[in-house]
Amino acid sequence: MTSSSQSQKSSASANQRTAVWIVVGLLVVAWLCIYAQVRHFDFLNFDDDMFLSNNPWLKQGLTWLSVQWAFTADLFIFSKHAEYWSPITLLSRLVDSEVYGMNPGAFHVTSACIHLLNAALLWAALYQLTRTKWRSLAVAALFLVHPLNVEPVCWLSARKDLLGATFFFVTLLAYAWYARQPSTRRYVLLVLAFVAALMAKPMAITTPLLLFVLDWWPLERWQNPPVNTANWRQLIAEKLPVLLLSIGGAVLAVFSQRNWGAIQDPGQYPFPARVNNALVSYVIYLRRIFWPDDLAIFYPHPGRALPLAWGVIAFLILVLVSVSAVLLVRRYPFFLSGWIWFGLVLGPVIGLVQIGDQAMADRYAYTSVIGIFIVIVWTTAKLLEKQPAIAATGAAIVVLALSLVSTAQVRTWKDSETVFTHALAVTKNNDLAHLNLGNVYFLRNDFAAAREQYRQSVAIKPNQFRVWNNLGVVESRLGKQDEATQAYLRALEINPAERKSRMALARIFIDRSQPRNAEELLRQATVAEPNWPDPFFELGKLYAAQSRWTDAVALWSSYLQTHPGDSAARQALQNAESAAQTSHQ
């Protein structure tokens with residue numbers, strides 16, 4: 001090769017590197033335009049309140065005890081401030097609270113930065129797997145700006161989805177490195193990355209199967225060396241350790257979710273209804289990749305109300321796409337590989353095991369849609385192989401359009417009122433959105449507006465005892481004691497153990513000079529909730545008002561047997577004993 005040709009080749013390579021970094025710079029600008037606004041966003045009143053804003057562990061910051069909590073919560077001890085065993089996610093929240101205090105805007109900025117990091121890691125992983133720079137960058141660009149990925153960035157409770165993706169991409173990077181030149185050291189790095197992914201969010205459990213698919217395309221380990229028994233044994237054997245870790249992660253996830261009560265009663269969502277919803281959900285995820293016009297924080301599960309015909313149509317669509325991918329496998333191997341990626345990664349959260357009341361969730365698609373992005377980018381690149389200018393222009397237009405849509409979508413996550421008002425605008429029969437919007441109005445002391453939202457929530461889903469209790473509270477605040485009584489009675493009818501409704505109803509009976517009714521409710525409360533002091537003190541006041549000092553002494557004596565350190569109760573006992581002695585003199 002002459003020095004002139006070498007110089008031309010070096011110049012072309014330098015120009016290409018410059019072009020790549022210009023595109024990367026533009027993508028960072030797009031990311032800033034989309035997500036810079038989150039620095040002004042608030043915590044939400046849905047999950048964020050329990051896991052972040054009202055989490056006492058975060059408020060104490062990064063300490064030895066809080067780190068210990070992060071590694072033991074929902075593994076060795078149940079904690080209502082942890083979704084399930086996800087120590088890496090909990091540690092990230094602790095670090096934020098240590099650095100920023102409980103500043104929600106700062107938490108949001110961290111999440112946005114993790115999303116940018118994830119796009120970079122995805123680009124690196126795909127480049128190492130496929131050895132194609134521009135196509136990998138195009139997939140990462142779609143991932144960075146797509147509105148379907150707004151939810152895990154803007155909902156702070158979804159930090160687990162972001163971090164699970166971070167280590168999922170590191171796992172893919174490690175596997176690409178290992179597959180090129182297998183060694184023990186590289187395999188250990190792969191295992192550590194996968195363990196970290198499971199410790200962030202157990203959704204990564206299908207990764208071992210995905211690695212086997214990647215062996216076929218793009219790594220071509222099925223074909224090179226030629227397929228033979230020894231080669232197959234090696235490919236399978238090297239997946240066994242990560243597969244065992246995956247099974248362990250799945251077991252831990254189910255165990256901790258059962259502790260939370262998040263896994264739904266099969267009677268509420270029968271298996272045929274779950275299958276029907278899963279099939280339809282796959283197709284809706286696909287549709288939202290191409291037309292994301294109805295994204296919301298919560299999609300109510302339709303249960304038995306979802307027509308069977310929809311499931312049949314969805315099944316036929318999925319079969320059609322699958323058959324097409326198989327028929328085109330020789331010319332477009334990436335089609336089948338990307339399609340399997342989409343189905344596999346989404347599989348654990350598609351709803352066959354129902355967790356929560358949602359039909360689906362945008363955050364579940366965060367890493368699964370990459371498979372479809374691969375299909376789109378590689379197919380477009382192949383079809384326009386001889387027209388790179390058209391391909392580049394089209395890609396720029398798509399990224400710009402998605403960025404504009406995402407910017408608008410991010411605005412809907414500003415605060416609780418905005419996110420749930422938007423949810424009601426784009427979904428139907430959304431009882432949870434009405435409930436949480438009612439909670440927003442309640443905290444503003446706008447009880448009339450809160451009442452309207454609670455009423456709409458129970459109209460959609462009548463058996464929500466907590467919402468009936470909330471409705472009772474606002475009716476009482478509005479001076480509608482009869483309506484409040486009916487709401488509390490409905491809550492107790494649905495759940496006889498609903499303690500707040502029982503206490504509120506007892507106070508109404510006291511105000512109405514119906515001490516016998518109040519006493520019965522309070523006595524039930526002391527039996528049902530022996531560690532809850534409120535009914536004991538309320539019942540003690542009732543006895544005192546009736547000068548029933550003997551009953552009051554018996555009440556406080558019983559309570560102090562299990563709560564000997566309660567100074568207020570001991571003082572109440574002394575007052576009752578003194579009053580009893582005076583009344584006998």
# chains A, B, ... in the order shown; residues from 1 in each chain; ligands from 1
call {"tool": "residues_around", "arguments": {"residues": "A:Pro535", "least_positions_apart": "5", "cutoff": "12 Å", "atoms": "only C-alpha atoms", "output": "list in words"}}
result
Arg499, Lys500, Ser501, Arg502, Met503, Ala504, Leu505, Ala506, Arg507, Ala518, Glu519, Glu520, Leu521, Leu522, Arg523, Gln524, Ala525, Thr526, Val527, Ala528, Glu529, Pro530, Gly540, Lys541, Leu542, Leu555, Trp556 and Tyr559 of chain A
call {"tool": "write_last_selection", "arguments": {"atoms": "C-alpha atoms", "output": "mmCIF file, in the first residue's frame"}}
result
data_model
loop_
_atom_site.group_PDB
_atom_site.id
_atom_site.type_symbol
_atom_site.label_atom_id
_atom_site.label_comp_id
_atom_site.auth_asym_id
_atom_site.auth_seq_id
_atom_site.Cartn_x
_atom_site.Cartn_y
_atom_site.Cartn_z
ATOM 1 C CA ARG A 499 -58.853 -0.484 61.892
ATOM 2 C CA LYS A 500 -58.987 3.141 60.730
ATOM 3 C CA SER A 501 -62.628 2.845 59.725
ATOM 4 C CA ARG A 502 -63.483 1.164 63.010
ATOM 5 C CA MET A 503 -61.867 3.948 65.014
ATOM 6 C CA ALA A 504 -63.454 6.703 62.952
ATOM 7 C CA LEU A 505 -66.860 5.064 63.255
ATOM 8 C CA ALA A 506 -66.439 4.752 67.021
ATOM 9 C CA ARG A 507 -65.720 8.480 67.277
ATOM 10 C CA ALA A 518 -68.725 2.986 70.204
ATOM 11 C CA GLU A 519 -67.645 0.676 73.012
ATOM 12 C CA GLU A 520 -68.315 -2.426 70.936
ATOM 13 C CA LEU A 521 -66.198 -1.144 68.072
ATOM 14 C CA LEU A 522 -63.351 -0.063 70.352
ATOM 15 C CA ARG A 523 -63.315 -3.360 72.205
ATOM 16 C CA GLN A 524 -63.112 -5.169 68.869
ATOM 17 C CA ALA A 525 -60.208 -2.918 67.929
ATOM 18 C CA THR A 526 -58.281 -3.667 71.141
ATOM 19 C CA VAL A 527 -58.612 -7.396 70.461
ATOM 20 C CA ALA A 528 -57.777 -7.157 66.757
ATOM 21 C CA GLU A 529 -54.894 -4.696 67.239
ATOM 22 C CA PRO A 530 -53.407 -5.288 70.716
ATOM 23 C CA GLY A 540 -60.288 4.617 78.270
ATOM 24 C CA LYS A 541 -61.663 8.112 77.623
ATOM 25 C CA LEU A 542 -65.089 6.604 77.011
ATOM 26 C CA LEU A 555 -58.378 -1.954 80.495
ATOM 27 C CA TRP A 556 -55.133 -0.214 81.429
ATOM 28 C CA TYR A 559 -52.675 -3.009 78.172
#
call {"tool": "residues_around", "arguments": {"residues": "stretch 455-468 of chain A", "least_positions_apart": "2", "cutoff": "12 Å", "atoms": "only C-alpha atoms", "output": "PyMOL selection string"}}
result
chain A and resi 268+300-303+357+424+428-439+447-453+470-475+483-502
call {"tool": "write_last_selection", "arguments": {"atoms": "N, CA and C atoms", "output": "short mmCIF file (atom, residue, chain, number, x, y, z; two decimals), in the first residue's frame"}}
result
data_model
loop_
_atom_site.label_atom_id
_atom_site.label_comp_id
_atom_site.auth_asym_id
_atom_site.auth_seq_id
_atom_site.Cartn_x
_atom_site.Cartn_y
_atom_site.Cartn_z
N GLN A 268 -58.70 -13.68 41.57
CA GLN A 268 -58.98 -12.35 41.06
C GLN A 268 -58.66 -12.24 39.58
N PRO A 300 -54.88 -0.11 34.14
CA PRO A 300 -55.67 -1.07 34.93
C PRO A 300 -55.79 -2.42 34.23
N HIS A 301 -55.72 -3.48 35.02
CA HIS A 301 -55.87 -4.83 34.47
C HIS A 301 -57.34 -5.06 34.12
N PRO A 302 -57.64 -5.49 32.90
CA PRO A 302 -59.04 -5.68 32.53
C PRO A 302 -59.67 -6.94 33.10
N GLY A 303 -58.81 -7.89 33.55
CA GLY A 303 -59.35 -9.13 34.11
C GLY A 303 -60.20 -9.87 33.10
N ASP A 357 -51.73 -4.81 40.27
CA ASP A 357 -53.02 -4.73 39.58
C ASP A 357 -52.91 -4.18 38.16
N LEU A 424 -55.64 9.68 33.60
CA LEU A 424 -57.10 9.65 33.39
C LEU A 424 -57.47 10.09 31.97
N LYS A 428 -58.86 4.27 30.48
CA LYS A 428 -60.26 4.15 30.88
C LYS A 428 -60.34 3.34 32.18
N ASN A 429 -61.38 3.66 32.97
CA ASN A 429 -61.66 2.91 34.20
C ASN A 429 -60.43 2.78 35.09
N ASN A 430 -59.72 3.88 35.26
CA ASN A 430 -58.48 3.87 36.02
C ASN A 430 -58.76 4.24 37.47
N ASP A 431 -59.17 3.25 38.26
CA ASP A 431 -59.53 3.48 39.66
C ASP A 431 -58.34 4.01 40.46
N LEU A 432 -57.14 3.50 40.17
CA LEU A 432 -55.97 3.92 40.94
C LEU A 432 -55.63 5.39 40.67
N ALA A 433 -55.80 5.83 39.43
CA ALA A 433 -55.53 7.23 39.12
C ALA A 433 -56.51 8.14 39.86
N HIS A 434 -57.78 7.75 39.91
CA HIS A 434 -58.76 8.53 40.66
C HIS A 434 -58.39 8.57 42.14
N LEU A 435 -57.98 7.44 42.69
CA LEU A 435 -57.60 7.37 44.11
C LEU A 435 -56.45 8.32 44.41
N ASN A 436 -55.38 8.24 43.62
CA ASN A 436 -54.20 9.05 43.92
C ASN A 436 -54.43 10.53 43.64
N LEU A 437 -55.26 10.83 42.66
CA LEU A 437 -55.61 12.23 42.44
C LEU A 437 -56.46 12.74 43.61
N GLY A 438 -57.34 11.88 44.14
CA GLY A 438 -58.10 12.24 45.33
C GLY A 438 -57.19 12.52 46.51
N ASN A 439 -56.12 11.72 46.65
CA ASN A 439 -55.16 11.95 47.74
C ASN A 439 -54.45 13.29 47.60
N PHE A 447 -61.56 19.04 50.01
CA PHE A 447 -62.25 17.79 50.32
C PHE A 447 -63.37 17.48 49.32
N ALA A 448 -63.98 18.48 48.76
CA ALA A 448 -65.03 18.25 47.77
C ALA A 448 -64.45 17.58 46.52
N ALA A 449 -63.29 18.08 46.06
CA ALA A 449 -62.65 17.48 44.88
C ALA A 449 -62.15 16.07 45.20
N ALA A 450 -61.61 15.90 46.41
CA ALA A 450 -61.14 14.57 46.81
C ALA A 450 -62.30 13.58 46.85
N ARG A 451 -63.45 14.02 47.41
CA ARG A 451 -64.62 13.15 47.48
C ARG A 451 -65.04 12.68 46.09
N GLU A 452 -65.02 13.58 45.12
CA GLU A 452 -65.43 13.22 43.76
C GLU A 452 -64.50 12.14 43.19
N GLN A 453 -63.21 12.29 43.42
CA GLN A 453 -62.25 11.30 42.90
C GLN A 453 -62.41 9.96 43.60
N ASN A 470 -61.11 6.41 53.04
CA ASN A 470 -60.77 7.78 52.63
C ASN A 470 -62.02 8.60 52.36
N LEU A 471 -62.98 7.96 51.71
CA LEU A 471 -64.23 8.64 51.42
C LEU A 471 -64.95 9.02 52.71
N GLY A 472 -64.92 8.12 53.70
CA GLY A 472 -65.51 8.43 54.99
C GLY A 472 -64.86 9.63 55.64
N VAL A 473 -63.53 9.72 55.51
CA VAL A 473 -62.80 10.85 56.12
C VAL A 473 -63.23 12.17 55.49
N VAL A 474 -63.29 12.21 54.14
CA VAL A 474 -63.63 13.48 53.51
C VAL A 474 -65.10 13.84 53.73
N GLU A 475 -65.97 12.83 53.79
CA GLU A 475 -67.38 13.12 54.09
C GLU A 475 -67.49 13.71 55.49
N GLU A 483 -73.19 10.19 55.59
CA GLU A 483 -72.45 9.63 54.46
C GLU A 483 -71.13 9.01 54.93
N ALA A 484 -70.49 9.68 55.89
CA ALA A 484 -69.24 9.14 56.42
C ALA A 484 -69.48 7.80 57.10
N THR A 485 -70.54 7.71 57.87
CA THR A 485 -70.88 6.45 58.56
C THR A 485 -71.08 5.34 57.55
N GLN A 486 -71.80 5.61 56.47
CA GLN A 486 -72.03 4.59 55.45
C GLN A 486 -70.73 4.16 54.78
N ALA A 487 -69.85 5.11 54.56
CA ALA A 487 -68.57 4.78 53.92
C ALA A 487 -67.71 3.90 54.84
N TYR A 488 -67.66 4.25 56.14
CA TYR A 488 -66.89 3.44 57.09
C TYR A 488 -67.49 2.04 57.23
N LEU A 489 -68.81 1.95 57.27
CA LEU A 489 -69.46 0.64 57.38
C LEU A 489 -69.16 -0.21 56.15
N ARG A 490 -69.11 0.44 54.97
CA ARG A 490 -68.78 -0.30 53.74
C ARG A 490 -67.35 -0.82 53.79
N ALA A 491 -66.44 0.00 54.30
CA ALA A 491 -65.04 -0.44 54.44
C ALA A 491 -64.94 -1.65 55.35
N LEU A 492 -65.67 -1.61 56.49
CA LEU A 492 -65.63 -2.73 57.43
C LEU A 492 -66.33 -3.96 56.88
N GLU A 493 -67.33 -3.75 56.04
CA GLU A 493 -68.00 -4.88 55.41
C GLU A 493 -67.04 -5.63 54.48
N ILE A 494 -66.22 -4.86 53.75
CA ILE A 494 -65.25 -5.46 52.83
C ILE A 494 -64.10 -6.10 53.60
N ASN A 495 -63.62 -5.38 54.61
CA ASN A 495 -62.48 -5.86 55.39
C ASN A 495 -62.75 -5.59 56.88
N PRO A 496 -63.27 -6.59 57.60
CA PRO A 496 -63.59 -6.39 59.02
C PRO A 496 -62.39 -5.97 59.86
N ALA A 497 -61.16 -6.17 59.34
CA ALA A 497 -59.97 -5.80 60.10
C ALA A 497 -59.52 -4.37 59.82
N GLU A 498 -60.30 -3.60 59.07
CA GLU A 498 -59.93 -2.23 58.71
C GLU A 498 -60.00 -1.34 59.96
N ARG A 499 -58.88 -1.12 60.57
CA ARG A 499 -58.85 -0.48 61.89
C ARG A 499 -59.18 1.01 61.85
N LYS A 500 -58.73 1.71 60.80
CA LYS A 500 -58.99 3.14 60.73
C LYS A 500 -60.48 3.44 60.65
N SER A 501 -61.18 2.64 59.85
CA SER A 501 -62.63 2.85 59.72
C SER A 501 -63.33 2.55 61.04
N ARG A 502 -62.86 1.52 61.73
CA ARG A 502 -63.48 1.16 63.01
C ARG A 502 -63.31 2.30 64.02
#
call {"tool": "residues_around", "arguments": {"residues": "A:Phe43", "least_positions_apart": "4", "cutoff": "7 Å", "atoms": "only C-alpha atoms", "output": "NGL selection string"}}
result
:A and (48-49 or 53 or 104 or 415)
call {"tool": "write_last_selection", "arguments": {"atoms": "N, CA and C atoms", "output": "mmCIF file, in the first residue's frame"}}
result
data_model
loop_
_atom_site.group_PDB
_atom_site.id
_atom_site.type_symbol
_atom_site.label_atom_id
_atom_site.label_comp_id
_atom_site.auth_asym_id
_atom_site.auth_seq_id
_atom_site.Cartn_x
_atom_site.Cartn_y
_atom_site.Cartn_z
ATOM 1 N N ASP A 48 -43.454 6.321 45.573
ATOM 2 C CA ASP A 48 -42.366 7.206 46.003
ATOM 3 C C ASP A 48 -42.496 7.600 47.466
ATOM 4 N N ASP A 49 -43.734 7.762 47.925
ATOM 5 C CA ASP A 49 -43.913 8.165 49.324
ATOM 6 C C ASP A 49 -43.422 7.078 50.271
ATOM 7 N N SER A 53 -39.744 9.305 49.926
ATOM 8 C CA SER A 53 -39.964 10.512 50.725
ATOM 9 C C SER A 53 -40.278 10.222 52.184
ATOM 10 N N PRO A 104 -35.973 15.951 45.902
ATOM 11 C CA PRO A 104 -36.474 15.093 44.821
ATOM 12 C C PRO A 104 -35.877 15.430 43.463
ATOM 13 N N ASP A 415 -45.442 16.095 38.803
ATOM 14 C CA ASP A 415 -45.884 15.864 40.174
ATOM 15 C C ASP A 415 -47.081 14.917 40.132
#
call {"tool": "closest_residue", "arguments": {"among": "A:Ala423, A:Val213, A:Ala273, A:Arg477", "to": "A:Phe342", "atoms": "only C-alpha atoms"}}
result
A:Val213
call {"tool": "select_by_dssp", "arguments": {"residues": "stretch 255-319 of chain A", "states": "alpha helix (DSSP H)", "output": "count of residues only"}}
result
38
call {"tool": "residues_around", "arguments": {"residues": "A:Arg274", "least_positions_apart": "4", "cutoff": "10 Å", "atoms": "only C-alpha atoms", "output": "PyMOL selection string"}}
result
chain A and resi 266+269-270+278-280+301-304+306+350-354+359
call {"tool": "atom_distance", "arguments": {"atom1": "atom CA of A:Ser476", "atom2": "atom CA of A:Pro515"}}
result
18.9 Å
call {"tool": "closest_atom_pairs", "arguments": {"of": "stretch 401-449 of chain A", "to": "stretch 149-171 of chain A", "cutoff": "12 Å", "atoms": "only C-alpha atoms", "output": "CSV"}}
result
residue,atom,partner,partner_atom,distance
A:Leu402,CA,A:Asn149,CA,10.9
A:Ser403,CA,A:Val150,CA,10.7
A:Val405,CA,A:Val150,CA,10.3
A:Ser406,CA,A:Val150,CA,6.9
A:Thr407,CA,A:Val150,CA,9.0
A:Ala408,CA,A:Val150,CA,10.2
A:Gln409,CA,A:Val150,CA,7.1
A:Val410,CA,A:Val150,CA,6.3
A:Arg411,CA,A:Cys154,CA,9.4
A:Thr412,CA,A:Cys154,CA,9.4
A:Trp413,CA,A:Cys154,CA,6.3
A:Lys414,CA,A:Cys154,CA,8.4
A:Asp415,CA,A:Trp155,CA,9.9
A:Ser416,CA,A:Trp155,CA,10.5
A:Val419,CA,A:Trp155,CA,10.0
call {"tool": "write_last_selection", "arguments": {"atoms": "C-alpha atoms", "output": "compact mmCIF listing (two decimals), in the first residue's frame"}}
result
# COMPACT_ATOMS: atom_id res chain seq x y z
CA LEU A 402 -39.20 10.95 19.21
CA SER A 403 -37.28 13.59 21.19
CA VAL A 405 -42.70 13.45 21.92
CA SER A 406 -40.51 12.43 24.87
CA THR A 407 -40.07 16.05 25.97
CA ALA A 408 -43.85 16.40 26.17
CA GLN A 409 -44.19 13.01 27.88
CA VAL A 410 -41.63 13.93 30.53
CA ARG A 411 -43.71 17.00 31.45
CA THR A 412 -46.57 14.73 32.50
CA TRP A 413 -44.37 13.39 35.34
CA LYS A 414 -43.86 16.74 37.06
CA ASP A 415 -45.88 15.86 40.17
CA SER A 416 -48.69 13.61 41.38
CA VAL A 419 -49.17 12.39 36.23
call {"tool": "closest_residue", "arguments": {"among": "A:Val24, A:Leu211, A:Val195, A:Leu52", "to": "A:Lys239", "atoms": "only C-alpha atoms"}}
result
A:Leu211
call {"tool": "atom_distance", "arguments": {"atom1": "atom CA of A:Arg233", "atom2": "atom CA of A:Glu220"}}
result
15.6 Å
